[in-house]
$ cat input.tsv   # TSV, C-alpha atoms
chain	number	residue	atom	x	y	z
A	231	MET	CA	14.86	-0.83	-30.83
A	232	ILE	CA	13.16	0.34	-27.65
A	233	LYS	CA	11.25	-1.99	-25.34
A	234	ILE	CA	9.45	-1.18	-22.10
A	235	GLN	CA	8.37	-4.46	-20.54
A	236	GLN	CA	7.56	-6.29	-17.34
A	237	GLN	CA	9.25	-9.55	-18.28
A	238	ASP	CA	12.93	-10.32	-17.92
A	239	PHE	CA	15.32	-10.31	-20.89
A	240	ASP	CA	18.05	-12.72	-21.97
A	241	LEU	CA	21.44	-11.11	-22.49
A	242	GLY	CA	22.52	-13.68	-25.07
A	243	GLU	CA	19.34	-13.34	-27.10
A	244	GLU	CA	19.54	-9.56	-27.08
A	245	TYR	CA	23.18	-9.64	-28.15
A	246	ASP	CA	22.39	-12.07	-30.99
A	247	ALA	CA	19.40	-9.98	-32.15
A	248	LEU	CA	21.43	-6.75	-32.10
A	249	ARG	CA	24.25	-8.44	-33.99
A	250	ALA	CA	21.82	-9.83	-36.59
A	251	ARG	CA	20.27	-6.38	-37.19
A	252	SER	CA	23.65	-4.68	-37.56
A	253	ARG	CA	25.13	-4.27	-41.02
A	254	SER	CA	28.88	-4.33	-40.49
A	255	PRO	CA	29.65	-4.01	-36.80
A	256	GLY	CA	33.24	-4.08	-35.67
A	257	ALA	CA	32.11	-3.70	-32.08
A	258	ILE	CA	29.09	-4.36	-29.91
A	259	VAL	CA	28.99	-2.93	-26.38
A	260	THR	CA	26.25	-4.03	-23.99
A	261	PHE	CA	25.36	-2.84	-20.52
A	262	SER	CA	22.93	-4.46	-18.11
A	263	GLY	CA	21.81	-2.93	-14.84
A	264	LEU	CA	20.61	-4.97	-11.85
A	265	VAL	CA	18.45	-4.12	-8.85
A	266	ARG	CA	20.70	-3.52	-5.86
A	267	ASP	CA	19.85	-5.29	-2.60
A	268	ILE	CA	20.84	-2.42	-0.35
A	269	SER	CA	20.00	1.30	-0.35
A	270	ASP	CA	21.40	4.11	1.78
A	271	ARG	CA	20.18	2.64	5.01
A	272	GLU	CA	18.10	-0.52	4.74
A	273	ASN	CA	17.96	-3.80	2.93
A	274	ILE	CA	15.68	-3.73	-0.07
A	275	SER	CA	13.12	-6.51	-0.37
A	276	ALA	CA	11.60	-5.31	-3.66
A	277	MET	CA	11.47	-2.42	-6.11
A	278	GLU	CA	8.51	-1.04	-8.06
A	279	LEU	CA	9.26	0.67	-11.37
A	280	GLU	CA	6.77	3.19	-12.74
A	281	HIS	CA	6.96	5.05	-16.03
A	282	TYR	CA	4.94	7.49	-18.13
A	283	PRO	CA	3.70	5.55	-21.19
A	284	GLY	CA	3.94	7.59	-24.36
A	285	MET	CA	6.60	9.94	-23.06
A	286	THR	CA	9.00	7.15	-22.08
A	287	GLU	CA	9.37	5.81	-25.61
A	288	LYS	CA	9.64	9.32	-27.05
A	289	SER	CA	12.28	10.28	-24.50
A	290	LEU	CA	14.40	7.17	-25.12
A	291	GLN	CA	14.14	7.64	-28.90
A	292	GLY	CA	15.30	11.24	-28.44
A	293	ILE	CA	18.31	10.07	-26.41
A	294	ALA	CA	19.22	7.47	-29.04
A	295	ASP	CA	18.86	10.12	-31.79
A	296	GLN	CA	21.28	12.38	-29.91
A	297	ALA	CA	23.76	9.48	-29.61
A	298	ARG	CA	23.50	8.93	-33.37
A	299	GLU	CA	24.32	12.60	-33.99
A	300	ARG	CA	27.47	12.34	-31.88
A	301	TRP	CA	28.87	8.98	-32.98
A	302	GLN	CA	28.83	6.74	-36.03
A	303	LEU	CA	26.47	4.05	-34.79
A	304	ASP	CA	24.99	1.03	-36.48
A	305	GLN	CA	22.11	-0.26	-34.32
A	306	PHE	CA	20.96	0.06	-30.71
A	307	THR	CA	18.66	-1.73	-28.26
A	308	ILE	CA	17.27	-0.18	-25.09
A	309	ILE	CA	15.18	-2.34	-22.74
A	310	HIS	CA	13.78	-1.05	-19.46
A	311	ARG	CA	11.69	-3.20	-17.18
A	312	VAL	CA	8.73	-1.85	-15.22
A	313	GLY	CA	6.54	-3.23	-12.44
A	314	LYS	CA	7.72	-5.15	-9.41
A	315	LEU	CA	11.36	-6.32	-9.38
A	316	LEU	CA	13.45	-8.17	-6.82
A	317	PRO	CA	17.07	-7.60	-5.77
A	318	ASP	CA	19.63	-8.95	-8.26
A	319	GLN	CA	17.09	-9.03	-11.08
A	320	GLN	CA	17.91	-7.33	-14.36
A	321	ILE	CA	16.30	-3.92	-14.77
A	322	VAL	CA	17.85	-2.25	-17.82
A	323	PHE	CA	19.74	-3.21	-20.97
A	324	VAL	CA	21.55	-0.99	-23.45
A	325	GLY	CA	23.32	-2.45	-26.47
A	326	VAL	CA	25.08	-0.47	-29.20
A	327	SER	CA	26.78	-1.66	-32.36
A	328	SER	CA	29.26	0.38	-34.35
A	329	ALA	CA	32.15	-0.02	-36.75
A	330	HIS	CA	34.53	1.00	-33.96
A	331	ARG	CA	34.68	0.23	-30.25
A	332	ALA	CA	35.31	3.79	-29.05
A	333	ALA	CA	31.99	4.96	-30.51
A	334	ALA	CA	30.13	1.93	-29.13
A	335	PHE	CA	31.57	2.37	-25.61
A	336	ALA	CA	30.88	6.11	-25.53
A	337	ALA	CA	27.36	5.85	-26.96
A	338	CYS	CA	26.42	3.12	-24.48
A	339	GLU	CA	27.55	5.27	-21.54
A	340	PHE	CA	25.89	8.37	-22.99
A	341	ILE	CA	22.56	6.54	-23.40
A	342	MET	CA	22.69	5.22	-19.82
A	343	ASP	CA	23.63	8.62	-18.37
A	344	TYR	CA	20.80	10.34	-20.21
A	345	LEU	CA	18.31	7.54	-19.50
A	346	LYS	CA	18.98	7.91	-15.77
A	347	THR	CA	18.50	11.68	-15.75
A	348	GLN	CA	15.87	12.31	-18.45
A	349	ALA	CA	13.67	9.28	-19.16
A	350	PRO	CA	10.44	9.29	-17.11
A	351	PHE	CA	10.96	6.28	-14.82
A	352	TRP	CA	10.57	6.29	-11.04
A	353	LYS	CA	11.72	3.69	-8.52
A	354	LYS	CA	9.96	2.89	-5.28
A	355	GLU	CA	11.91	0.81	-2.78
A	356	PHE	CA	10.34	-1.60	-0.34
A	357	THR	CA	12.51	-2.03	2.76
A	358	THR	CA	12.13	-3.29	6.30
A	359	ALA	CA	11.35	0.33	7.25
A	360	GLY	CA	8.53	0.59	4.70
A	361	ALA	CA	8.12	1.83	1.13
A	362	ARG	CA	9.67	5.01	-0.17
A	363	TRP	CA	10.31	6.74	-3.48
A	364	VAL	CA	13.96	6.83	-4.49
A	365	GLU	CA	15.47	10.33	-4.58
A	366	ALA	CA	17.31	11.49	-7.70
A	367	LYS	CA	21.09	11.46	-7.19
A	368	SER	CA	23.27	14.47	-7.91
A	369	SER	CA	26.03	12.05	-8.98
A	370	ASP	CA	23.79	10.90	-11.87
A	371	GLN	CA	23.29	14.53	-12.93
A	372	GLU	CA	27.04	15.14	-12.79
A	373	SER	CA	27.65	12.01	-14.84
A	374	ALA	CA	25.25	13.24	-17.53
A	375	GLN	CA	26.74	16.74	-17.52
A	376	ARG	CA	30.11	15.48	-18.74
A	377	TRP	CA	28.54	15.05	-22.19
A	378	GLN	CA	27.51	18.71	-22.38
A	379	PRO	CA	29.67	20.95	-24.57
A	380	LYS	CA	32.27	22.77	-22.47
B	222	MET	CA	-10.09	25.04	-23.13
B	223	ALA	CA	-9.95	21.45	-21.89
B	224	VAL	CA	-6.78	19.64	-20.83
B	225	ASP	CA	-5.78	16.22	-19.50
B	226	ILE	CA	-3.57	16.33	-16.44
B	227	TRP	CA	-1.52	13.44	-15.06
B	228	TYR	CA	0.24	13.30	-11.68
B	229	LEU	CA	2.99	10.70	-11.57
B	230	ALA	CA	4.92	8.69	-8.98
B	231	ARG	CA	5.25	10.47	-5.63
B	232	LEU	CA	2.94	13.29	-6.75
B	233	ARG	CA	0.11	10.87	-7.49
B	234	GLU	CA	0.32	9.44	-3.98
B	235	THR	CA	0.70	12.76	-2.18
B	236	LEU	CA	-2.17	14.39	-4.07
B	237	ALA	CA	-4.28	11.19	-4.09
B	238	CYS	CA	-5.02	11.87	-7.75
B	239	ASP	CA	-3.60	10.21	-10.84
B	240	HIS	CA	-5.48	11.88	-13.66
B	241	GLU	CA	-8.12	14.51	-14.27
B	242	GLN	CA	-9.71	16.34	-17.18
B	243	LEU	CA	-10.19	20.02	-16.55
B	244	GLU	CA	-11.90	22.89	-18.26
B	245	LEU	CA	-9.57	25.84	-17.77
B	246	SER	CA	-10.91	29.29	-17.24
B	247	ASP	CA	-9.67	32.31	-19.17
B	248	GLY	CA	-6.34	33.66	-17.98
B	249	ILE	CA	-4.66	30.26	-17.59
B	250	ASP	CA	-2.29	30.36	-20.54
B	251	THR	CA	0.97	28.81	-19.32
B	252	VAL	CA	2.16	25.88	-17.21
B	253	SER	CA	2.98	28.35	-14.46
B	254	ASP	CA	-0.58	29.76	-14.53
B	255	LEU	CA	-1.99	26.24	-14.28
B	256	LEU	CA	0.30	25.30	-11.36
B	257	HIS	CA	-0.63	28.37	-9.38
B	258	TRP	CA	-4.31	27.78	-10.04
B	259	LEU	CA	-4.08	24.12	-8.93
B	260	SER	CA	-2.02	25.06	-5.87
B	261	GLN	CA	-5.01	26.98	-4.49
B	262	ARG	CA	-6.82	23.70	-3.85
B	263	GLY	CA	-5.28	23.44	-0.38
B	264	GLU	CA	-2.12	23.06	1.64
B	265	VAL	CA	-1.08	19.68	0.19
B	266	TRP	CA	-1.52	20.91	-3.37
B	267	HIS	CA	0.28	24.15	-2.60
B	268	GLN	CA	3.30	22.44	-1.04
B	269	THR	CA	3.53	19.68	-3.61
B	270	LEU	CA	3.06	21.68	-6.79
B	271	LEU	CA	5.10	24.73	-5.88
B	272	ASP	CA	8.15	22.58	-5.04
B	273	GLU	CA	10.95	23.91	-7.21
B	274	LYS	CA	12.06	20.40	-8.16
B	275	ILE	CA	8.78	19.53	-9.87
B	276	LEU	CA	9.03	18.72	-13.58
B	277	VAL	CA	6.41	19.08	-16.29
B	278	ALA	CA	5.77	17.60	-19.71
B	279	VAL	CA	3.31	18.89	-22.28
B	280	ASN	CA	2.22	16.33	-24.88
B	281	HIS	CA	5.00	13.94	-23.79
B	282	THR	CA	7.79	16.51	-24.18
B	283	VAL	CA	9.61	18.15	-21.28
B	284	ALA	CA	8.28	21.69	-20.89
B	285	SER	CA	9.01	24.71	-18.73
B	286	MET	CA	6.94	27.00	-16.55
B	287	HIS	CA	6.68	29.40	-19.49
B	288	THR	CA	5.29	26.81	-21.94
B	289	THR	CA	1.95	27.85	-23.39
B	290	ILE	CA	-1.00	25.49	-22.89
B	291	SER	CA	-3.44	24.75	-25.71
B	292	ASP	CA	-6.80	23.03	-25.98
B	293	ASP	CA	-6.57	19.20	-25.74
B	294	ASP	CA	-3.03	19.24	-24.34
B	295	GLU	CA	-1.85	16.38	-22.13
B	296	ILE	CA	0.07	17.81	-19.20
B	297	ALA	CA	2.04	15.73	-16.70
B	298	PHE	CA	3.61	16.77	-13.42
B	299	PHE	CA	6.28	14.56	-11.87
B	300	PRO	CA	9.31	14.47	-9.56
B	301	PRO	CA	12.93	14.13	-10.79
B	302	VAL	CA	13.35	10.80	-12.60
B	303	THR	CA	15.12	7.80	-11.04
B	304	GLY	CA	15.21	5.05	-13.68
B	305	GLY	CA	18.06	2.90	-14.90

$ encode --input "input.tsv" --output "structure tokens"
Amino acid sequence: MIKIQQQDFDLGEEYDALRARSRSPGAIVTFSGLVRDISDRENISAMELEHYPGMTEKSLQGIADQARERWQLDQFTIIHRVGKLLPDQQIVFVGVSSAHRAAAFAACEFIMDYLKTQAPFWKKEFTTAGARWVEAKSSDQESAQRWQPK
Amino acid sequence: MAVDIWYLARLRETLACDHEQLELSDGIDTVSDLLHWLSQRGEVWHQTLLDEKILVAVNHTVASMHTTISDDDEIAFFPPVTGG
């Protein structure tokens, strides 16, 4: 299940829904990302999340399909919020169910690494020094590259 | 041939344009052709669009400079992504 939404999500409800959809999960791994309150230099007062409707859903589905090809997965949920967000608010959720924990852990990390480097989302930070678009980090690229065949 | 072009995030602000429909003249067959044609609109367009980091999608799929453009395509130009 893929959801792009402005509203917040409830971790407990998402866990329960993922568990209910799963057939025989031995493991459920969930990740939630929060808006940080500090960037490289200044305090962040707010964050604006933009995406490319149409491509975003297709891109996330493609990432989930790749995860399914690599690991035996049961169900997944990806939620990404868009619009204006404040520090400490939840921004992203990835949940994966599988018969075994190793697959669920790995797939959850894989989906996050690929989401950060491939899905068409952009963050704009609002700080005391003004607004600015967040630059892509090479550490995120390196993190995603570890899943490439050697 | 007519195409829809979207400029996203930082590009939209720098170019002061979010979306346009264009009738392309003969000889514009690839993403690269289109970029070079658009970059002739002025200094801002030239600097922004010929940045090597710029990414492109054709019909919601990541494309390359060599991707061929067809009638009715939706083309989007955007900076490296920063979600999650």

$ atom_distance --input "input.tsv" --atom1 "CA of Leu270 (chain B)" --atom2 "CA of Ile290 (chain B)"
17.0 Å

$ closest_atom_pairs --input "input.tsv" --of "chain A" --to "chain B" --cutoff "9 Å" --atoms "only C-alpha atoms" --output "JSON lines"
{"residue": "A:Gly263", "atom": "CA", "partner": "B:Gly305", "partner_atom": "CA", "distance": 6.9}
{"residue": "A:Leu264", "atom": "CA", "partner": "B:Gly305", "partner_atom": "CA", "distance": 8.8}
{"residue": "A:Leu279", "atom": "CA", "partner": "B:Gly304", "partner_atom": "CA", "distance": 7.7}
{"residue": "A:Glu280", "atom": "CA", "partner": "B:Ala230", "partner_atom": "CA", "distance": 6.9}
{"residue": "A:His281", "atom": "CA", "partner": "B:Ala230", "partner_atom": "CA", "distance": 8.2}
{"residue": "A:Tyr282", "atom": "CA", "partner": "B:Leu229", "partner_atom": "CA", "distance": 7.6}
{"residue": "A:Pro283", "atom": "CA", "partner": "B:His281", "partner_atom": "CA", "distance": 8.9}
{"residue": "A:Gly284", "atom": "CA", "partner": "B:His281", "partner_atom": "CA", "distance": 6.5}
{"residue": "A:Met285", "atom": "CA", "partner": "B:His281", "partner_atom": "CA", "distance": 4.4}
{"residue": "A:Thr286", "atom": "CA", "partner": "B:His281", "partner_atom": "CA", "distance": 8.1}
{"residue": "A:Lys288", "atom": "CA", "partner": "B:His281", "partner_atom": "CA", "distance": 7.3}
{"residue": "A:Ser289", "atom": "CA", "partner": "B:Thr282", "partner_atom": "CA", "distance": 7.7}
{"residue": "A:His310", "atom": "CA", "partner": "B:Gly305", "partner_atom": "CA", "distance": 7.4}
{"residue": "A:Ile321", "atom": "CA", "partner": "B:Gly305", "partner_atom": "CA", "distance": 7.0}
{"residue": "A:Val322", "atom": "CA", "partner": "B:Gly305", "partner_atom": "CA", "distance": 5.9}
{"residue": "A:Phe323", "atom": "CA", "partner": "B:Gly305", "partner_atom": "CA", "distance": 8.8}
{"residue": "A:Met342", "atom": "CA", "partner": "B:Gly305", "partner_atom": "CA", "distance": 7.1}
{"residue": "A:Asp343", "atom": "CA", "partner": "B:Gly305", "partner_atom": "CA", "distance": 8.7}
{"residue": "A:Leu345", "atom": "CA", "partner": "B:Gly305", "partner_atom": "CA", "distance": 6.5}
{"residue": "A:Lys346", "atom": "CA", "partner": "B:Gly305", "partner_atom": "CA", "distance": 5.2}
{"residue": "A:Thr347", "atom": "CA", "partner": "B:Val302", "partner_atom": "CA", "distance": 6.1}
{"residue": "A:Gln348", "atom": "CA", "partner": "B:Val302", "partner_atom": "CA", "distance": 6.5}
{"residue": "A:Ala349", "atom": "CA", "partner": "B:Val302", "partner_atom": "CA", "distance": 6.7}
{"residue": "A:Pro350", "atom": "CA", "partner": "B:Val302", "partner_atom": "CA", "distance": 5.6}
{"residue": "A:Phe351", "atom": "CA", "partner": "B:Gly304", "partner_atom": "CA", "distance": 4.6}
{"residue": "A:Trp352", "atom": "CA", "partner": "B:Thr303", "partner_atom": "CA", "distance": 4.8}
{"residue": "A:Lys353", "atom": "CA", "partner": "B:Thr303", "partner_atom": "CA", "distance": 5.9}
{"residue": "A:Lys354", "atom": "CA", "partner": "B:Ala230", "partner_atom": "CA", "distance": 8.5}
{"residue": "A:Arg362", "atom": "CA", "partner": "B:Arg231", "partner_atom": "CA", "distance": 8.9}
{"residue": "A:Trp363", "atom": "CA", "partner": "B:Arg231", "partner_atom": "CA", "distance": 6.6}
{"residue": "A:Val364", "atom": "CA", "partner": "B:Thr303", "partner_atom": "CA", "distance": 6.7}
{"residue": "A:Glu365", "atom": "CA", "partner": "B:Thr303", "partner_atom": "CA", "distance": 6.9}
{"residue": "A:Ala366", "atom": "CA", "partner": "B:Thr303", "partner_atom": "CA", "distance": 5.4}
{"residue": "A:Lys367", "atom": "CA", "partner": "B:Thr303", "partner_atom": "CA", "distance": 8.0}

$ write_last_selection --input "input.tsv" --atoms "C-alpha atoms" --output "PDB file, in the frame of the given file"
ATOM      1  CA  GLY A 263      21.810  -2.930 -14.840  1.00  0.00           C
ATOM      2  CA  LEU A 264      20.610  -4.970 -11.850  1.00  0.00           C
ATOM      3  CA  LEU A 279       9.260   0.670 -11.370  1.00  0.00           C
ATOM      4  CA  GLU A 280       6.770   3.190 -12.740  1.00  0.00           C
ATOM      5  CA  HIS A 281       6.960   5.050 -16.030  1.00  0.00           C
ATOM      6  CA  TYR A 282       4.940   7.490 -18.130  1.00  0.00           C
ATOM      7  CA  PRO A 283       3.700   5.550 -21.190  1.00  0.00           C
ATOM      8  CA  GLY A 284       3.940   7.590 -24.360  1.00  0.00           C
ATOM      9  CA  MET A 285       6.600   9.940 -23.060  1.00  0.00           C
ATOM     10  CA  THR A 286       9.000   7.150 -22.080  1.00  0.00           C
ATOM     11  CA  LYS A 288       9.640   9.320 -27.050  1.00  0.00           C
ATOM     12  CA  SER A 289      12.280  10.280 -24.500  1.00  0.00           C
ATOM     13  CA  HIS A 310      13.780  -1.050 -19.460  1.00  0.00           C
ATOM     14  CA  ILE A 321      16.300  -3.920 -14.770  1.00  0.00           C
ATOM     15  CA  VAL A 322      17.850  -2.250 -17.820  1.00  0.00           C
ATOM     16  CA  PHE A 323      19.740  -3.210 -20.970  1.00  0.00           C
ATOM     17  CA  MET A 342      22.690   5.220 -19.820  1.00  0.00           C
ATOM     18  CA  ASP A 343      23.630   8.620 -18.370  1.00  0.00           C
ATOM     19  CA  LEU A 345      18.310   7.540 -19.500  1.00  0.00           C
ATOM     20  CA  LYS A 346      18.980   7.910 -15.770  1.00  0.00           C
ATOM     21  CA  THR A 347      18.500  11.680 -15.750  1.00  0.00           C
ATOM     22  CA  GLN A 348      15.870  12.310 -18.450  1.00  0.00           C
ATOM     23  CA  ALA A 349      13.670   9.280 -19.160  1.00  0.00           C
ATOM     24  CA  PRO A 350      10.440   9.290 -17.110  1.00  0.00           C
ATOM     25  CA  PHE A 351      10.960   6.280 -14.820  1.00  0.00           C
ATOM     26  CA  TRP A 352      10.570   6.290 -11.040  1.00  0.00           C
ATOM     27  CA  LYS A 353      11.720   3.690  -8.520  1.00  0.00           C
ATOM     28  CA  LYS A 354       9.960   2.890  -5.280  1.00  0.00           C
ATOM     29  CA  ARG A 362       9.670   5.010  -0.170  1.00  0.00           C
ATOM     30  CA  TRP A 363      10.310   6.740  -3.480  1.00  0.00           C
ATOM     31  CA  VAL A 364      13.960   6.830  -4.490  1.00  0.00           C
ATOM     32  CA  GLU A 365      15.470  10.330  -4.580  1.00  0.00           C
ATOM     33  CA  ALA A 366      17.310  11.490  -7.700  1.00  0.00           C
ATOM     34  CA  LYS A 367      21.090  11.460  -7.190  1.00  0.00           C
TER      35      LYS A 367
END

$ atom_distance --input "input.tsv" --atom1 "CA of Leu236 (chain B)" --atom2 "CA of Gln371 (chain A)"
27.0 Å

$ residues_around --input "input.tsv" --residues "Trp266 (chain B)" --least-positions-apart "6" --cutoff "10 Å" --atoms "all atoms listed in the file" --output "count of residues only"
9

$ residues_around --input "input.tsv" --residues "Gly360 (chain A)" --least-positions-apart "5" --cutoff "12 Å" --atoms "all atoms listed in the file" --output "ChimeraX atom specification"
/A:271-277,354-355

$ atom_distance --input "input.tsv" --atom1 "CA of Phe340 (chain A)" --atom2 "CA of Thr307 (chain A)"
13.5 Å

$ residues_near_point --input "input.tsv" --point "(37.0, -1.1, -25.0)" --cutoff "12 Å" --atoms "all atoms listed in the file" --output "list in words"
Gly256, Ala257, Ile258, Val259, Thr260, His330, Arg331, Ala332, Ala333, Ala334, Phe335, Ala336, Cys338 and Glu339 of chain A

$ closest_residue --input "input.tsv" --among "B:Cys238, B:Gly263, B:Ser291, B:Val252" --to "Ile275 (chain B)" --atoms "all atoms listed in the file"
B:Val252

$ residues_near_point --input "input.tsv" --point "(15.6, -5.1, -17.9)" --cutoff "12 Å" --atoms "all atoms listed in the file" --output "number ranges by chain"
A: 232-241, 244, 261-265, 279, 307-316, 318-325; B: 304-305

$ residues_around --input "input.tsv" --residues "Ala223 (chain B)" --least-positions-apart "2" --cutoff "10 Å" --atoms "all atoms listed in the file" --output "PyMOL selection string"
chain B and resi 225-226+242-246+290-295

$ closest_residue --input "input.tsv" --among "B:Asp250, B:Phe298, B:Thr289, B:Met222" --to "Leu271 (chain B)" --atoms "only C-alpha atoms"
B:Phe298

$ residues_around --input "input.tsv" --residues "His287 (chain B)" --least-positions-apart "5" --cutoff "9 Å" --atoms "all atoms listed in the file" --output "list in words"
Thr251, Val252, Ser253 and Asp254 of chain B
